Amino acid sequence: MSLQVYGIPNCGTCKKALTWLQNHNIAYEFINTKEHPPTADQITNWVKSLGAAPMRNTSGQSYRALGEEKKTWTDEQWIAAFTQDAMLLKRPLFVKDGNAVLVGFKDELVAKEKLLSNT
């Protein structure tokens with residue numbers, strides 16, 4: 001199994017997720033989205049897997065700086081926005097064997113199901 005975790009090092013939720021992964025002896029590669037922003041192709045595939053709405057970092061400054069029109073944006077418009085500003089992506093984002101499987105880290109049971117299953 002190949003697992004990549006996309007996020008930023010100073011994000012509290014990312015730190016919590018990485019600690020959980022380490023405690024469960026799950027190997028992963030951490031990718032700092034500030035230093036290595038994801039490509040439009042990667043983001044497009046993630047949106048296909050998860051949908052654009054769950055991937056929005058609605059608590060960030062970048063999101064709040066967007067105009068009211070963001071409420072009516074299509075997935076394609078969100079993909080373009082995510083590509084221009086990776087801070088719009090909710091963190092952490094987990095990619096298992098090339099497929100986005102989870103975004104955010106609130107429920108450890110959900111994380112266990114999504115990250116430890118063989119599907």
# chains A, B, ... in the order shown; residues from 1 in each chain; ligands from 1
call {"tool": "residues_around", "arguments": {"residues": "stretch 54-60 of chain A", "least_positions_apart": "5", "cutoff": "6 Å", "atoms": "only C-alpha atoms", "output": "list in words"}}
result
Leu88, Leu89 and Lys90 of chain A
call {"tool": "write_last_selection", "arguments": {"atoms": "N, CA and C atoms", "output": "short mmCIF file (atom, residue, chain, number, x, y, z; two decimals), in the first residue's frame"}}
result
data_model
loop_
_atom_site.label_atom_id
_atom_site.label_comp_id
_atom_site.auth_asym_id
_atom_site.auth_seq_id
_atom_site.Cartn_x
_atom_site.Cartn_y
_atom_site.Cartn_z
N LEU A 88 -6.80 26.42 -0.29
CA LEU A 88 -8.25 26.20 -0.36
C LEU A 88 -8.61 24.74 -0.10
N LEU A 89 -7.61 23.85 -0.16
CA LEU A 89 -7.85 22.43 0.07
C LEU A 89 -7.93 22.11 1.56
N LYS A 90 -8.94 21.38 1.93
CA LYS A 90 -9.06 20.92 3.31
C LYS A 90 -7.90 19.96 3.59
#
call {"tool": "residues_around", "arguments": {"residues": "A:Ala27", "least_positions_apart": "4", "cutoff": "12 Å", "atoms": "only C-alpha atoms", "output": "list in words"}}
result
Met1, Ser2, Leu3, Gln4, Val5, Leu18, Thr19, Trp20, Leu21, Gln22, Asn23, Lys96, Leu115 and Leu116 of chain A
call {"tool": "write_last_selection", "arguments": {"atoms": "N, CA and C atoms", "output": "PDB file, in the first residue's frame"}}
result
ATOM      1  N   MET A   1       0.853  -1.193   0.000  1.00  0.00           N
ATOM      2  CA  MET A   1       0.000   0.000   0.000  1.00  0.00           C
ATOM      3  C   MET A   1       0.885   1.236   0.000  1.00  0.00           C
ATOM      4  N   SER A   2       0.525   2.172  -0.839  1.00  0.00           N
ATOM      5  CA  SER A   2       1.198   3.454  -0.916  1.00  0.00           C
ATOM      6  C   SER A   2       0.233   4.510  -0.386  1.00  0.00           C
ATOM      7  N   LEU A   3       0.678   5.291   0.588  1.00  0.00           N
ATOM      8  CA  LEU A   3      -0.175   6.321   1.174  1.00  0.00           C
ATOM      9  C   LEU A   3       0.562   7.647   1.178  1.00  0.00           C
ATOM     10  N   GLN A   4      -0.074   8.651   0.555  1.00  0.00           N
ATOM     11  CA  GLN A   4       0.437  10.015   0.612  1.00  0.00           C
ATOM     12  C   GLN A   4      -0.541  10.848   1.431  1.00  0.00           C
ATOM     13  N   VAL A   5       0.024  11.724   2.237  1.00  0.00           N
ATOM     14  CA  VAL A   5      -0.771  12.640   3.043  1.00  0.00           C
ATOM     15  C   VAL A   5      -0.391  14.049   2.607  1.00  0.00           C
ATOM     16  N   LEU A  18      -1.008  12.607  11.440  1.00  0.00           N
ATOM     17  CA  LEU A  18       0.304  11.973  11.308  1.00  0.00           C
ATOM     18  C   LEU A  18       0.662  11.200  12.570  1.00  0.00           C
ATOM     19  N   THR A  19       0.320  11.734  13.718  1.00  0.00           N
ATOM     20  CA  THR A  19       0.541  11.016  14.973  1.00  0.00           C
ATOM     21  C   THR A  19      -0.266   9.731  14.993  1.00  0.00           C
ATOM     22  N   TRP A  20      -1.519   9.799  14.545  1.00  0.00           N
ATOM     23  CA  TRP A  20      -2.376   8.607  14.493  1.00  0.00           C
ATOM     24  C   TRP A  20      -1.769   7.558  13.566  1.00  0.00           C
ATOM     25  N   LEU A  21      -1.296   7.985  12.397  1.00  0.00           N
ATOM     26  CA  LEU A  21      -0.666   7.056  11.450  1.00  0.00           C
ATOM     27  C   LEU A  21       0.563   6.394  12.074  1.00  0.00           C
ATOM     28  N   GLN A  22       1.385   7.194  12.739  1.00  0.00           N
ATOM     29  CA  GLN A  22       2.586   6.652  13.378  1.00  0.00           C
ATOM     30  C   GLN A  22       2.212   5.658  14.483  1.00  0.00           C
ATOM     31  N   ASN A  23       1.203   5.995  15.276  1.00  0.00           N
ATOM     32  CA  ASN A  23       0.768   5.112  16.361  1.00  0.00           C
ATOM     33  C   ASN A  23       0.203   3.798  15.848  1.00  0.00           C
ATOM     34  N   LYS A  96      -4.487   6.998  -1.291  1.00  0.00           N
ATOM     35  CA  LYS A  96      -4.062   5.612  -1.094  1.00  0.00           C
ATOM     36  C   LYS A  96      -3.998   4.923  -2.450  1.00  0.00           C
ATOM     37  N   LEU A 115      -8.356   4.031   5.556  1.00  0.00           N
ATOM     38  CA  LEU A 115      -6.919   3.901   5.373  1.00  0.00           C
ATOM     39  C   LEU A 115      -6.407   2.481   5.557  1.00  0.00           C
ATOM     40  N   LEU A 116      -7.134   1.656   6.292  1.00  0.00           N
ATOM     41  CA  LEU A 116      -6.650   0.308   6.556  1.00  0.00           C
ATOM     42  C   LEU A 116      -7.356  -0.751   5.734  1.00  0.00           C
TER      43      LEU A 116
END
call {"tool": "select_by_dssp", "arguments": {"residues": "stretch 22-83 of chain A", "states": "alpha helix (DSSP H)", "output": "list in words"}}
result
Gln22, Asn23, Ala40, Asp41, Gln42, Ile43, Thr44, Asn45, Trp46, Val47, Lys48, Ser49, Leu50, Gln61, Ser62, Tyr63, Arg64, Ala65, Asp75, Glu76, Gln77, Trp78, Ile79, Ala80, Ala81, Phe82 and Thr83 of chain A
call {"tool": "select_by_dssp", "arguments": {"residues": "chain A", "states": "strand (DSSP E)", "output": "list in words"}}
result
Leu3, Gln4, Val5, Tyr6, Gly7, Glu29, Phe30, Ile31, Asn32, Leu93, Phe94, Val95, Lys96, Asn99, Ala100, Val101, Leu102 and Val103 of chain A
call {"tool": "write_last_selection", "arguments": {"atoms": "C-alpha atoms", "output": "compact mmCIF listing (two decimals), in the first residue's frame"}}
result
# COMPACT_ATOMS: atom_id res chain seq x y z
CA LEU A 3 -0.17 6.32 1.17
CA GLN A 4 0.44 10.01 0.61
CA VAL A 5 -0.77 12.64 3.04
CA TYR A 6 -1.15 16.14 1.61
CA GLY A 7 -1.13 19.06 4.01
CA GLU A 29 4.72 10.03 2.59
CA PHE A 30 3.90 13.57 3.74
CA ILE A 31 3.62 16.14 0.96
CA ASN A 32 3.71 19.79 1.96
CA LEU A 93 -5.94 14.82 2.21
CA PHE A 94 -5.13 11.10 2.03
CA VAL A 95 -4.28 9.40 -1.26
CA LYS A 96 -4.06 5.61 -1.09
CA ASN A 99 -6.85 7.35 -5.21
CA ALA A 100 -8.11 10.06 -2.88
CA VAL A 101 -9.86 8.23 -0.03
CA LEU A 102 -10.29 10.75 2.78
CA VAL A 103 -10.07 14.45 3.45
call {"tool": "closest_residue", "arguments": {"among": "A:Ala86, A:Ala53, A:Val47, A:Ile79", "to": "A:Lys34", "atoms": "only C-alpha atoms"}}
result
A:Ala86
call {"tool": "atom_distance", "arguments": {"atom1": "atom CA of A:Ala52", "atom2": "atom CA of A:Asp75"}}
result
5.8 Å
call {"tool": "closest_residue", "arguments": {"among": "A:Gln77, A:Leu66, A:Ile8, A:Val110", "to": "A:His36", "atoms": "only C-alpha atoms"}}
result
A:Ile8
call {"tool": "atom_distance", "arguments": {"atom1": "atom CA of A:Lys106", "atom2": "atom CA of A:Thr13"}}
result
8.2 Å
call {"tool": "residues_around", "arguments": {"residues": "A:Thr39", "least_positions_apart": "4", "cutoff": "12 Å", "atoms": "only C-alpha atoms", "output": "ChimeraX atom specification"}}
result
/A:33,43-46,79-86
call {"tool": "write_last_selection", "arguments": {"atoms": "N, CA and C atoms", "output": "compact mmCIF listing (two decimals), in the first residue's frame"}}
result
# COMPACT_ATOMS: atom_id res chain seq x y z
N THR A 33 1.86 20.86 0.82
CA THR A 33 1.20 21.49 -0.33
C THR A 33 1.64 22.93 -0.56
N ILE A 43 -5.73 17.12 -8.70
CA ILE A 43 -6.93 17.70 -8.08
C ILE A 43 -8.19 17.22 -8.79
N THR A 44 -8.14 17.17 -10.11
CA THR A 44 -9.29 16.68 -10.88
C THR A 44 -9.65 15.26 -10.46
N ASN A 45 -8.65 14.40 -10.33
CA ASN A 45 -8.90 13.02 -9.90
C ASN A 45 -9.45 12.97 -8.48
N TRP A 46 -8.94 13.82 -7.60
CA TRP A 46 -9.43 13.85 -6.21
C TRP A 46 -10.89 14.28 -6.17
N ILE A 79 -11.91 23.20 -9.09
CA ILE A 79 -10.63 22.60 -9.48
C ILE A 79 -9.64 23.70 -9.85
N ALA A 80 -10.10 24.67 -10.62
CA ALA A 80 -9.23 25.79 -11.01
C ALA A 80 -8.78 26.57 -9.77
N ALA A 81 -9.68 26.80 -8.84
CA ALA A 81 -9.34 27.54 -7.62
C ALA A 81 -8.36 26.76 -6.75
N PHE A 82 -8.62 25.45 -6.58
CA PHE A 82 -7.71 24.61 -5.80
C PHE A 82 -6.31 24.59 -6.43
N THR A 83 -6.27 24.58 -7.77
CA THR A 83 -5.00 24.55 -8.48
C THR A 83 -4.23 25.85 -8.27
N GLN A 84 -4.94 26.97 -8.24
CA GLN A 84 -4.30 28.28 -8.05
C GLN A 84 -3.87 28.50 -6.61
N ASP A 85 -4.60 27.95 -5.65
CA ASP A 85 -4.31 28.19 -4.23
C ASP A 85 -4.57 26.92 -3.43
N ALA A 86 -3.50 26.18 -3.15
CA ALA A 86 -3.63 24.91 -2.42
C ALA A 86 -4.16 25.11 -1.00
